[in-house]
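Shown next: data_24.cif, containing mmCIF, C-alpha atoms.
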```cif
data_target
#
loop_
_atom_site.label_atom_id
_atom_site.label_comp_id
_atom_site.auth_asym_id
_atom_site.auth_seq_id
_atom_site.Cartn_x
_atom_site.Cartn_y
_atom_site.Cartn_z
CA MET W 224 0.00 0.00 0.00
CA SER W 225 1.57 3.29 -1.09
CA LEU W 226 2.04 6.12 1.39
CA LYS W 227 -0.24 9.09 0.83
CA LYS W 228 2.02 12.10 0.46
CA ILE W 229 1.56 15.60 1.82
CA LYS W 230 1.37 17.92 -1.19
CA VAL W 231 3.31 21.16 -0.63
CA LEU W 232 3.47 24.41 -2.59
CA LEU W 233 6.45 26.74 -1.97
CA VAL W 234 5.98 30.51 -2.37
CA ASP W 235 9.14 32.58 -1.82
CA ASP W 236 10.85 35.25 -3.92
CA SER W 237 14.30 33.80 -3.16
CA ALA W 238 15.41 31.19 -5.70
CA VAL W 239 17.93 29.88 -3.14
CA VAL W 240 15.23 29.36 -0.51
CA ARG W 241 12.96 27.59 -2.99
CA GLN W 242 15.82 25.36 -4.16
CA VAL W 243 16.95 24.38 -0.66
CA LEU W 244 13.41 23.84 0.64
CA MET W 245 12.54 21.68 -2.35
CA LYS W 246 15.65 19.53 -1.87
CA ILE W 247 14.86 19.00 1.84
CA LEU W 248 11.18 18.27 1.37
CA GLN W 249 11.56 16.02 -1.66
CA SER W 250 13.94 13.84 0.37
CA GLN W 251 11.06 12.86 2.67
CA PRO W 252 9.02 9.79 1.67
CA ASP W 253 5.75 11.33 2.86
CA ILE W 254 6.11 14.80 1.25
CA GLU W 255 5.74 15.87 -2.37
CA VAL W 256 6.49 19.40 -3.59
CA ILE W 257 3.90 19.94 -6.31
CA GLY W 258 5.28 23.34 -7.31
CA SER W 259 7.06 26.55 -6.36
CA ALA W 260 6.44 30.21 -7.15
CA SER W 261 8.41 33.41 -6.76
CA ASP W 262 5.35 35.40 -5.68
CA PRO W 263 1.62 34.94 -4.94
CA ILE W 264 0.56 35.94 -8.47
CA PHE W 265 2.46 32.99 -9.95
CA ALA W 266 1.24 30.84 -7.05
CA ILE W 267 -2.40 31.53 -7.92
CA ASP W 268 -1.79 30.12 -11.42
CA LYS W 269 -0.44 26.93 -9.88
CA LEU W 270 -3.33 26.69 -7.40
CA ASN W 271 -5.76 26.76 -10.31
CA LYS W 272 -4.15 23.56 -11.60
CA GLU W 273 -3.62 21.63 -8.35
CA TRP W 274 -4.36 22.45 -4.72
CA PRO W 275 -1.78 21.56 -2.06
CA ASP W 276 -2.27 20.22 1.45
CA VAL W 277 0.19 22.79 2.83
CA ILE W 278 1.54 26.11 1.55
CA VAL W 279 4.97 27.33 2.68
CA LEU W 280 4.76 31.10 2.37
CA ASP W 281 7.18 34.03 2.64
CA VAL W 282 5.68 37.33 3.82
CA GLU W 283 7.77 39.95 2.03
CA MET W 284 7.44 39.50 -1.75
CA PRO W 285 6.97 41.63 -4.85
CA ARG W 286 3.62 42.30 -6.60
CA MET W 287 1.54 40.79 -3.76
CA ASP W 288 2.73 40.40 -0.17
CA GLY W 289 2.22 37.22 1.81
CA ILE W 290 -0.39 38.74 4.13
CA THR W 291 -2.66 39.77 1.25
CA PHE W 292 -2.26 36.33 -0.31
CA LEU W 293 -2.99 34.62 3.02
CA LYS W 294 -6.20 36.64 3.43
CA LYS W 295 -7.29 35.55 -0.03
CA ILE W 296 -6.55 31.88 0.65
CA MET W 297 -8.28 31.85 4.03
CA SER W 298 -11.40 33.56 2.72
CA GLU W 299 -11.75 31.43 -0.41
CA ARG W 300 -10.35 28.01 0.48
CA PRO W 301 -8.75 27.72 3.94
CA THR W 302 -5.49 25.79 3.69
CA PRO W 303 -2.76 25.14 6.26
CA VAL W 304 0.02 27.69 5.80
CA VAL W 305 3.54 27.58 7.23
CA ILE W 306 5.11 31.04 7.32
CA CYS W 307 8.77 31.22 6.28
CA SER W 308 9.93 34.64 7.51
CA SER W 309 13.16 36.49 8.22
CA LEU W 310 14.40 37.05 11.76
CA THR W 311 13.73 40.81 11.92
CA GLU W 312 11.57 42.97 14.13
CA LYS W 313 9.50 44.05 11.13
CA GLY W 314 9.23 40.43 10.03
CA ALA W 315 8.06 39.43 13.51
CA GLU W 316 5.23 41.96 13.48
CA THR W 317 4.11 40.85 10.02
CA THR W 318 4.27 37.21 11.04
CA MET W 319 1.98 37.96 13.98
CA GLN W 320 -0.57 39.25 11.48
CA ALA W 321 -0.21 36.01 9.54
CA LEU W 322 -0.75 33.90 12.64
CA ALA W 323 -3.83 35.95 13.51
CA LEU W 324 -5.16 35.21 10.02
CA GLY W 325 -4.79 31.47 10.54
CA ALA W 326 -1.22 30.47 9.64
CA VAL W 327 -0.34 27.46 11.76
CA GLU W 328 3.46 27.39 12.04
CA ILE W 329 6.55 29.60 11.74
CA ILE W 330 9.90 28.78 10.16
CA THR W 331 12.47 31.54 10.63
CA LYS W 332 15.21 32.21 8.13
CA PRO W 333 18.30 34.41 8.56
CA LYS W 334 19.41 37.01 6.03
CA MET W 335 22.68 35.17 5.46
CA GLY W 336 23.72 31.51 5.43
CA LEU W 337 20.37 30.19 4.23
CA ARG W 338 21.65 26.85 2.98
CA ASP W 339 23.40 25.97 6.25
CA PHE W 340 20.45 27.24 8.28
CA PHE W 341 17.85 25.11 6.52
CA GLU W 342 20.07 22.04 6.55
CA GLU W 343 20.53 22.44 10.31
CA SER W 344 16.79 23.05 10.78
CA THR W 345 15.55 20.12 8.70
CA ASP W 346 13.82 18.36 11.60
CA HIS W 347 11.94 21.53 12.58
CA LEU W 348 10.90 22.16 9.00
CA ILE W 349 9.65 18.62 8.43
CA MET W 350 7.74 18.60 11.72
CA ALA W 351 6.16 21.96 10.83
CA ILE W 352 4.95 20.61 7.47
CA ARG W 353 3.48 17.51 9.10
CA ALA W 354 1.86 19.54 11.86
CA ALA W 355 0.28 21.83 9.29
CA ALA W 356 -1.03 18.90 7.29
CA ASN W 357 -2.62 17.44 10.41
CA ALA W 358 -4.20 20.78 11.20
CA ARG W 359 -6.43 20.51 8.15
CA VAL W 360 -7.32 16.87 7.77
CA LYS W 361 -7.10 13.82 10.02
CA ARG W 362 -4.34 11.62 8.69
CA THR W 363 -3.10 8.23 9.67
CA HIS W 364 -0.03 8.78 11.82
CA LEU W 365 3.11 7.73 10.04
CA THR W 366 5.03 4.94 11.68
CA SER W 367 8.22 5.73 13.57
CA ASP W 368 10.38 3.77 11.15
CA ILE W 369 9.30 6.20 8.40
CA LEU W 370 9.58 9.41 10.43
CA HIS W 371 12.90 8.64 12.16
CA PRO W 372 12.27 11.26 14.88
CA PRO W 373 15.34 12.57 16.71
CA LYS W 374 15.94 11.58 20.30
CA LYS W 375 13.91 13.67 22.75
CA ASN W 376 15.17 15.06 26.03
CA SER W 377 12.84 15.00 28.99
CA ALA W 378 12.37 17.90 31.38
CA ASP W 379 14.89 16.26 33.72
CA VAL W 380 17.71 17.91 31.74
CA ILE W 381 16.60 21.32 33.11
CA PRO W 382 17.36 21.34 36.88
CA LEU W 383 14.66 22.69 39.17
CA GLY W 384 17.04 23.63 41.93
CA ALA W 385 16.75 22.64 45.57
CA PRO W 386 13.25 21.69 46.79
CA PRO W 387 11.58 24.50 48.71
CA GLY W 388 12.11 24.38 52.44
CA ALA W 389 9.89 26.02 55.02
CA MET W 390 8.07 28.82 53.20
CA ALA W 391 5.36 31.27 54.05
CA GLN W 392 1.85 29.96 53.43
CA THR W 393 0.10 31.40 50.40
CA THR W 394 -3.27 30.90 48.75
CA GLU W 395 -2.32 32.87 45.64
CA LYS W 396 -3.37 30.99 42.51
CA ILE W 397 -1.15 30.41 39.49
CA VAL W 398 -2.37 29.42 36.03
CA ALA W 399 0.07 27.61 33.73
CA ILE W 400 -0.79 27.21 30.03
CA GLY W 401 1.05 25.20 27.39
CA THR W 402 0.28 25.16 23.68
CA SER W 403 1.80 24.87 20.21
CA THR W 404 0.27 24.61 16.71
CA GLY W 405 -2.91 26.68 16.67
CA GLY W 406 -2.01 28.17 20.03
CA THR W 407 -1.72 31.76 18.89
CA GLN W 408 -5.42 31.89 18.08
CA ALA W 409 -6.33 29.74 21.09
CA LEU W 410 -4.47 32.02 23.51
CA GLU W 411 -6.30 35.03 22.11
CA THR W 412 -9.61 33.26 22.76
CA VAL W 413 -8.56 32.49 26.34
CA LEU W 414 -6.86 35.74 27.39
CA VAL W 415 -8.99 38.45 25.78
CA PRO W 416 -12.17 37.75 27.83
CA LEU W 417 -10.36 37.66 31.17
CA PRO W 418 -11.17 40.43 33.66
CA ARG W 419 -8.49 42.88 34.73
CA VAL W 420 -8.12 41.06 38.05
CA CYS W 421 -7.46 37.35 37.56
CA PRO W 422 -4.76 34.93 38.77
CA GLY W 423 -1.23 35.38 37.49
CA ILE W 424 -0.61 33.36 34.33
CA VAL W 425 2.56 31.76 32.94
CA ILE W 426 2.53 30.55 29.35
CA VAL W 427 4.66 28.49 27.01
CA GLN W 428 3.74 28.86 23.34
CA HIS W 429 6.12 27.04 21.03
CA MET W 430 7.51 29.92 18.98
CA PRO W 431 10.96 30.99 17.70
CA GLU W 432 12.93 33.79 19.34
CA LYS W 433 12.11 37.38 18.35
CA TYR W 434 8.48 36.47 17.75
CA THR W 435 7.21 36.09 21.31
CA ALA W 436 7.69 39.79 22.14
CA SER W 437 5.54 40.85 19.19
CA PHE W 438 3.01 38.14 19.98
CA ALA W 439 2.77 39.24 23.62
CA ASP W 440 2.44 42.88 22.59
CA ARG W 441 -0.43 42.05 20.25
CA LEU W 442 -2.27 40.12 22.98
CA ASN W 443 -1.62 42.94 25.42
CA LYS W 444 -3.35 45.43 23.12
CA LEU W 445 -6.38 43.15 22.79
CA SER W 446 -6.72 42.14 26.45
CA GLN W 447 -7.83 43.79 29.69
CA ILE W 448 -5.01 42.04 31.54
CA GLU W 449 -1.35 42.86 30.97
CA VAL W 450 0.45 40.42 28.64
CA ARG W 451 4.19 40.56 28.01
CA GLU W 452 7.23 38.49 27.21
CA ALA W 453 8.80 37.23 30.43
CA LYS W 454 12.13 38.45 31.72
CA ASN W 455 14.24 36.67 34.30
CA ASN W 456 12.99 37.22 37.87
CA ASP W 457 9.68 38.81 36.78
CA ARG W 458 7.07 38.57 39.54
CA VAL W 459 3.94 36.58 38.76
CA ILE W 460 1.06 38.72 39.98
CA PRO W 461 -2.71 38.89 39.46
CA GLY W 462 -3.77 40.46 36.18
CA LEU W 463 -0.47 39.63 34.44
CA ALA W 464 0.31 36.94 31.85
CA LEU W 465 3.97 36.16 31.16
CA ILE W 466 4.90 34.38 27.92
CA ALA W 467 8.16 32.45 27.80
CA PRO W 468 10.63 34.03 25.34
CA GLY W 469 11.28 32.04 22.19
CA GLY W 470 14.55 30.16 22.46
CA LYS W 471 14.50 30.12 26.30
CA HIS W 472 13.00 27.82 28.90
CA MET W 473 10.86 29.30 31.68
CA GLN W 474 10.34 27.94 35.18
CA LEU W 475 8.14 29.09 38.02
CA LYS W 476 9.96 29.72 41.31
CA ARG W 477 8.81 30.88 44.75
CA SER W 478 10.34 33.12 47.36
CA GLY W 479 8.41 33.31 50.60
CA ALA W 480 4.78 34.00 49.69
CA TYR W 481 5.36 35.30 46.16
CA TYR W 482 6.06 33.67 42.81
CA TYR W 483 8.49 34.70 40.10
CA VAL W 484 9.86 33.20 36.88
CA GLU W 485 13.32 32.10 35.94
CA VAL W 486 14.20 32.42 32.24
CA LEU W 487 17.14 30.23 31.31
CA ASP W 488 19.06 28.49 28.56
CA GLY W 489 19.32 24.76 28.26
CA PRO W 490 18.99 21.86 25.82
CA LEU W 491 15.83 21.24 23.83
CA VAL W 492 13.19 19.32 25.78
CA ASN W 493 10.75 17.27 23.72
CA ARG W 494 12.43 19.02 20.75
CA HIS W 495 11.37 22.43 22.07
CA ARG W 496 12.83 25.44 23.85
CA PRO W 497 10.72 26.74 25.56
CA SER W 498 9.20 23.47 26.67
CA VAL W 499 5.79 23.06 28.29
CA ASP W 500 7.09 20.15 30.38
CA VAL W 501 9.81 22.35 31.90
CA LEU W 502 7.25 24.96 32.94
CA PHE W 503 4.62 22.50 34.22
CA ARG W 504 7.17 20.52 36.19
CA SER W 505 8.32 23.66 38.01
CA VAL W 506 4.73 24.70 38.70
CA ALA W 507 4.06 21.28 40.22
CA ARG W 508 7.08 21.71 42.48
CA PHE W 509 6.61 25.29 43.61
CA ALA W 510 2.85 25.94 43.39
CA GLY W 511 1.32 22.50 43.86
CA LYS W 512 -2.36 22.63 44.73
CA ASN W 513 -2.41 26.42 44.25
CA ALA W 514 -2.07 25.94 40.49
CA ILE W 515 -4.26 25.30 37.47
CA GLY W 516 -2.61 23.58 34.51
CA ILE W 517 -4.07 23.90 31.02
CA ILE W 518 -2.77 22.14 27.91
CA MET W 519 -4.14 23.24 24.56
CA THR W 520 -3.84 22.60 20.84
CA GLY W 521 -0.50 21.42 19.48
CA MET W 522 1.41 18.61 17.81
CA GLY W 523 3.50 16.15 19.80
CA ASP W 524 3.51 15.28 23.49
CA ASP W 525 5.27 18.21 25.17
CA GLY W 526 3.49 18.99 28.44
CA ALA W 527 1.81 15.62 29.04
CA ARG W 528 4.26 14.45 31.71
CA GLY W 529 4.50 17.86 33.32
CA LEU W 530 0.72 18.13 33.55
CA LEU W 531 0.62 14.71 35.20
CA GLU W 532 3.14 15.95 37.77
CA MET W 533 0.90 18.94 38.40
CA ARG W 534 -2.11 16.70 38.94
CA GLN W 535 -0.14 14.48 41.30
CA ALA W 536 0.87 17.62 43.24
CA GLY W 537 -2.78 18.55 43.75
CA ALA W 538 -3.28 21.07 40.95
CA ARG W 539 -6.43 21.29 38.84
CA THR W 540 -5.59 20.07 35.35
CA ILE W 541 -7.43 20.67 32.07
CA ALA W 542 -6.99 19.61 28.45
CA GLN W 543 -8.64 21.26 25.46
CA ASP W 544 -11.07 18.98 23.66
CA GLU W 545 -10.54 17.52 20.20
CA ALA W 546 -13.38 19.40 18.51
CA THR W 547 -11.86 22.84 19.21
CA SER W 548 -8.16 21.92 18.82
CA VAL W 549 -6.38 22.78 15.60
CA VAL W 550 -4.16 19.76 16.27
CA PHE W 551 -5.26 17.31 18.97
CA GLY W 552 -1.76 16.05 19.71
CA MET W 553 -0.63 17.58 22.99
CA PRO W 554 -4.06 17.45 24.69
CA LYS W 555 -4.58 13.86 23.54
CA GLU W 556 -1.23 12.76 24.95
CA ALA W 557 -2.01 14.46 28.28
CA ILE W 558 -5.36 12.69 28.42
CA ASN W 559 -3.74 9.35 27.56
CA HIS W 560 -1.23 9.88 30.39
CA GLY W 561 -4.09 10.42 32.87
CA ALA W 562 -2.88 13.98 33.41
CA ALA W 563 -6.13 15.84 32.69
CA GLN W 564 -8.91 15.90 35.25
CA GLU W 565 -11.19 17.77 32.84
CA ILE W 566 -11.57 18.02 29.07
CA LEU W 567 -13.10 21.32 27.98
CA PRO W 568 -13.87 23.15 24.73
CA LEU W 569 -11.78 26.24 24.14
CA ASN W 570 -14.58 28.71 24.92
CA LYS W 571 -15.02 27.23 28.40
CA ILE W 572 -11.37 27.57 29.43
CA PRO W 573 -11.51 31.33 30.27
CA LEU W 574 -14.28 30.55 32.78
CA VAL W 575 -11.86 28.31 34.69
CA ILE W 576 -9.29 31.10 35.02
CA ARG W 577 -11.54 33.92 36.18
#
```

Please go through the file and, once you have read it, give me the structure as structure tokens.
Amino acid sequence: MSLKKIKVLLVDDSAVVRQVLMKILQSQPDIEVIGSASDPIFAIDKLNKEWPDVIVLDVEMPRMDGITFLKKIMSERPTPVVICSSLTEKGAETTMQALALGAVEIITKPKMGLRDFFEESTDHLIMAIRAAANARVKRTHLTSDILHPPKKNSADVIPLGAPPGAMAQTTEKIVAIGTSTGGTQALETVLVPLPRVCPGIVIVQHMPEKYTASFADRLNKLSQIEVREAKNNDRVIPGLALIAPGGKHMQLKRSGAYYYVEVLDGPLVNRHRPSVDVLFRSVARFAGKNAIGIIMTGMGDDGARGLLEMRQAGARTIAQDEATSVVFGMPKEAINHGAAQEILPLNKIPLVIR
């Protein structure tokens, strides 16, 4: 029985990017590049002939920019889109617009050294394509002997530090949220309705560095609560949501009766940095029954073990349901691990936090 391939269309004005991406993707047994285009106008001609499962899209292109093209696609025939954008502040802001419009993943590219960068980032690129494909249609999971996934670190590689000794009693609640593919839209749904006074929130959204600051700023403008990218030693206080910086892990810590975050380097955990497991594990240790853990849409299993540790420590634990998840990977794994006490649709999750 032949393997059904994920059909991909590449849209990027750089001939080098198109060439390197095509070489990487065509080397995968489950991916077929059905075409490439230097801008959205040429891409539209190709779409009229054959429609892909996933579109890999640059945002800064001649004749028609990626955002305009994305709006057209999402209004006429919604299709999973992976954004391939440069690591610049301007690029980060534009990419946030793309995510708000429904793009499901981000691949960052530097201005120089594109070939080396993409070759080093092959695993991330392939996983992004597969995640995007799963976001649109339910596919049979490919077997591990086909995927050859790289070895995953567990959260044990990030030390928690010494267990807390005698500490002041506190009843202050902490909410910890972990999410990935589809999480940018899901977090907007959760945070925007929250009242100005709500428990302090710590968040891991799988996202590359330089994008989380723009993402947090956008949510801050939309929300009543304050939302910002976390900095090392930031206090976790009511009415504030801290988002782990891309490229850094974030842990919850406690000093006396107050909580703060530690932002730190470290190896990838479950192929991610920041990792949901790293955050949840620290929340289990330092907040225990004072915490609420929420795992939402995303591919993979990051967060499942950490959420189980939270539940075992007495926290209330919640997983987003399948019907409202863009990708029911992370919530499903948490449920299968027995980590989630409750399974809720996305629109019910803000009610838990209030």

Selection in question (the file shown): the PyMOL selection byres ((chain W and resi 271-284) around 8). Which residues does it include, as a PDB file with C-alpha atoms, in the frame of the given file?
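This went into part35.pdb:
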```pdb
ATOM      1  CA  ILE W 229       1.560  15.600   1.820  1.00  0.00           C
ATOM      2  CA  LYS W 230       1.370  17.920  -1.190  1.00  0.00           C
ATOM      3  CA  VAL W 231       3.310  21.160  -0.630  1.00  0.00           C
ATOM      4  CA  LEU W 232       3.470  24.410  -2.590  1.00  0.00           C
ATOM      5  CA  LEU W 233       6.450  26.740  -1.970  1.00  0.00           C
ATOM      6  CA  VAL W 234       5.980  30.510  -2.370  1.00  0.00           C
ATOM      7  CA  ASP W 235       9.140  32.580  -1.820  1.00  0.00           C
ATOM      8  CA  ASP W 236      10.850  35.250  -3.920  1.00  0.00           C
ATOM      9  CA  ILE W 257       3.900  19.940  -6.310  1.00  0.00           C
ATOM     10  CA  SER W 261       8.410  33.410  -6.760  1.00  0.00           C
ATOM     11  CA  ASP W 262       5.350  35.400  -5.680  1.00  0.00           C
ATOM     12  CA  ILE W 267      -2.400  31.530  -7.920  1.00  0.00           C
ATOM     13  CA  ASP W 268      -1.790  30.120 -11.420  1.00  0.00           C
ATOM     14  CA  LYS W 269      -0.440  26.930  -9.880  1.00  0.00           C
ATOM     15  CA  LEU W 270      -3.330  26.690  -7.400  1.00  0.00           C
ATOM     16  CA  PRO W 285       6.970  41.630  -4.850  1.00  0.00           C
ATOM     17  CA  ARG W 286       3.620  42.300  -6.600  1.00  0.00           C
ATOM     18  CA  MET W 287       1.540  40.790  -3.760  1.00  0.00           C
ATOM     19  CA  ASP W 288       2.730  40.400  -0.170  1.00  0.00           C
ATOM     20  CA  GLY W 289       2.220  37.220   1.810  1.00  0.00           C
ATOM     21  CA  ILE W 290      -0.390  38.740   4.130  1.00  0.00           C
ATOM     22  CA  THR W 302      -5.490  25.790   3.690  1.00  0.00           C
ATOM     23  CA  PRO W 303      -2.760  25.140   6.260  1.00  0.00           C
ATOM     24  CA  VAL W 304       0.020  27.690   5.800  1.00  0.00           C
ATOM     25  CA  VAL W 305       3.540  27.580   7.230  1.00  0.00           C
ATOM     26  CA  ILE W 306       5.110  31.040   7.320  1.00  0.00           C
ATOM     27  CA  CYS W 307       8.770  31.220   6.280  1.00  0.00           C
ATOM     28  CA  SER W 308       9.930  34.640   7.510  1.00  0.00           C
ATOM     29  CA  GLY W 314       9.230  40.430  10.030  1.00  0.00           C
ATOM     30  CA  THR W 317       4.110  40.850  10.020  1.00  0.00           C
ATOM     31  CA  THR W 318       4.270  37.210  11.040  1.00  0.00           C
ATOM     32  CA  ILE W 352       4.950  20.610   7.470  1.00  0.00           C
ATOM     33  CA  ALA W 355       0.280  21.830   9.290  1.00  0.00           C
ATOM     34  CA  ALA W 356      -1.030  18.900   7.290  1.00  0.00           C
ATOM     35  CA  ARG W 359      -6.430  20.510   8.150  1.00  0.00           C
TER      36      ARG W 359
END
```

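Here atom CA of W:Val425 stands at a distance of 28.7 Å from atom CA of W:Ile349.
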
Q.
What does the structure give for the distance between atom CA of W:Leu574 and atom CA of W:Val506, in Å to one decimal?
A. 20.8 Å

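Considering the residues W:Ile541, W:Ala546, W:Leu475, W:Val427 and counting only C-alpha atoms, W:His495 has its shortest atom-to-atom contact with W:Val427.
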
Centre and size of axis-aligned box enclosing stretch 529-541 of chain W plus 4 Å each side, as lines of an AutoDock Vina configuration file:
```
center_x = -1.5
center_y = 17.9
center_z = 37.9
size_x = 19.9
size_y = 14.8
size_z = 19.7
```

Q: Given the file shown, determine the residues that the PyMOL selection byres ((chain W and resi 245) around 12) selects; report them as a PyMOL selection string.
A: chain W and resi 230-235+238-244+246-251+254-260+279+338+341-342+345+348-349

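In this model, the gap between atom CA of W:Ala562 and atom CA of W:Gln428 comes to 19.1 Å.
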
So that I can check the surroundings of stretch 421-423 of chain W, please list as a PDB file with C-alpha atoms, keeping the file's coordinate frame every protein, DNA and RNA residue that reaches within 9 Å of it, counting only C-alpha atoms and ignoring chain neighbours fewer than 5 positions away.
```pdb
ATOM      1  CA  GLU W 395      -2.320  32.870  45.640  1.00  0.00           C
ATOM      2  CA  LYS W 396      -3.370  30.990  42.510  1.00  0.00           C
ATOM      3  CA  ILE W 397      -1.150  30.410  39.490  1.00  0.00           C
ATOM      4  CA  VAL W 398      -2.370  29.420  36.030  1.00  0.00           C
ATOM      5  CA  ALA W 399       0.070  27.610  33.730  1.00  0.00           C
ATOM      6  CA  ILE W 448      -5.010  42.040  31.540  1.00  0.00           C
ATOM      7  CA  VAL W 459       3.940  36.580  38.760  1.00  0.00           C
ATOM      8  CA  ILE W 460       1.060  38.720  39.980  1.00  0.00           C
ATOM      9  CA  PRO W 461      -2.710  38.890  39.460  1.00  0.00           C
ATOM     10  CA  GLY W 462      -3.770  40.460  36.180  1.00  0.00           C
ATOM     11  CA  LEU W 463      -0.470  39.630  34.440  1.00  0.00           C
ATOM     12  CA  ALA W 464       0.310  36.940  31.850  1.00  0.00           C
ATOM     13  CA  LEU W 465       3.970  36.160  31.160  1.00  0.00           C
ATOM     14  CA  ILE W 576      -9.290  31.100  35.020  1.00  0.00           C
ATOM     15  CA  ARG W 577     -11.540  33.920  36.180  1.00  0.00           C
TER      16      ARG W 577
END
```

Q | Output check: residues returned by the PyMOL selection byres ((chain W and resi 402-405) around 6), as a PyMOL selection string | A | chain W and resi 327+401+406-408+428-429+519-521+549

Output the selection as a JSON list (two decimals), keeping the file's coordinate frame - C-alpha atoms for each residue.
```
[["chain", "number", "residue", "atom", "x", "y", "z"],
["W", 327, "VAL", "CA", -0.34, 27.46, 11.76],
["W", 401, "GLY", "CA", 1.05, 25.20, 27.39],
["W", 406, "GLY", "CA", -2.01, 28.17, 20.03],
["W", 407, "THR", "CA", -1.72, 31.76, 18.89],
["W", 408, "GLN", "CA", -5.42, 31.89, 18.08],
["W", 428, "GLN", "CA", 3.74, 28.86, 23.34],
["W", 429, "HIS", "CA", 6.12, 27.04, 21.03],
["W", 519, "MET", "CA", -4.14, 23.24, 24.56],
["W", 520, "THR", "CA", -3.84, 22.60, 20.84],
["W", 521, "GLY", "CA", -0.50, 21.42, 19.48],
["W", 549, "VAL", "CA", -6.38, 22.78, 15.60]]
```

Q: Take the point (10.6, 24.8, 20.5) in the file's coordinates, draw a sphere of radius 9 Å around it, and report as an NGL selection string every protein, DNA or RNA residue with an atom inside or on it, counting all atoms listed in the file.
A: :W and (347 or 403 or 428-431 or 469-471 or 491-498)

Q.
Applying 7 Å and all atoms listed in the file, which residues near W:Ala315 remain after dropping the ones on its own chain fewer than 6 positions away? List them as a VMD selection string.
A. chain W and resid 433 to 434 437

Could you write out that same residue set with C-alpha atoms as a JSON list (two decimals), in the frame of the given file?
```json
[["chain", "number", "residue", "atom", "x", "y", "z"],
["W", 433, "LYS", "CA", 12.11, 37.38, 18.35],
["W", 434, "TYR", "CA", 8.48, 36.47, 17.75],
["W", 437, "SER", "CA", 5.54, 40.85, 19.19]]
```

Q | Selection: 7 Å around W:Ala436, all atoms listed in the file, excl. self and same-chain fewer than 3 positions, as a ChimeraX atom specification | A | /W:433,439-440,451-452

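Closest approach to W:Tyr482 among W:Asp457, W:Glu328, W:Glu556, W:Asp500 is made by W:Asp457 (distances from all atoms listed in the file).
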
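With distances restricted to all atoms listed in the file, W:Ile558 is the closest residue to W:Arg528 from W:Pro568, W:Ala510, W:Ile558, W:Val550.
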
Q: Find the residues around W:Ile400 up to 6 Å (all atoms listed in the file counted), leave out those fewer than 5 positions away in its own chain, and share them as a PyMOL selection string.
A: chain W and resi 426+517-518

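Every protein, DNA or RNA residue with an atom at most 10 Å from W:Pro573, where all atoms listed in the file count and chain neighbours fewer than 6 positions away do not, is listed here: Leu410, Thr412, Val413, Leu414, Val415, Pro416, Leu417 and Pro418 of chain W.
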
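Of the listed residues W:Leu445, W:Ile572, W:Val501, W:Ile296, the one whose atoms come nearest to W:Gln543 is W:Ile572, with distances taken using all atoms listed in the file.
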
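Compared by their closest atoms to W:Gln320, and using all atoms listed in the file, the residues W:Ser298, W:Thr291, W:Asn456, W:Gln564 rank with W:Thr291 nearest.
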
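If only C-alpha atoms are the atoms counted, then among W:Thr547, W:Thr435, W:Gln474, W:Thr331 the closest residue to W:Lys571 is W:Thr547.
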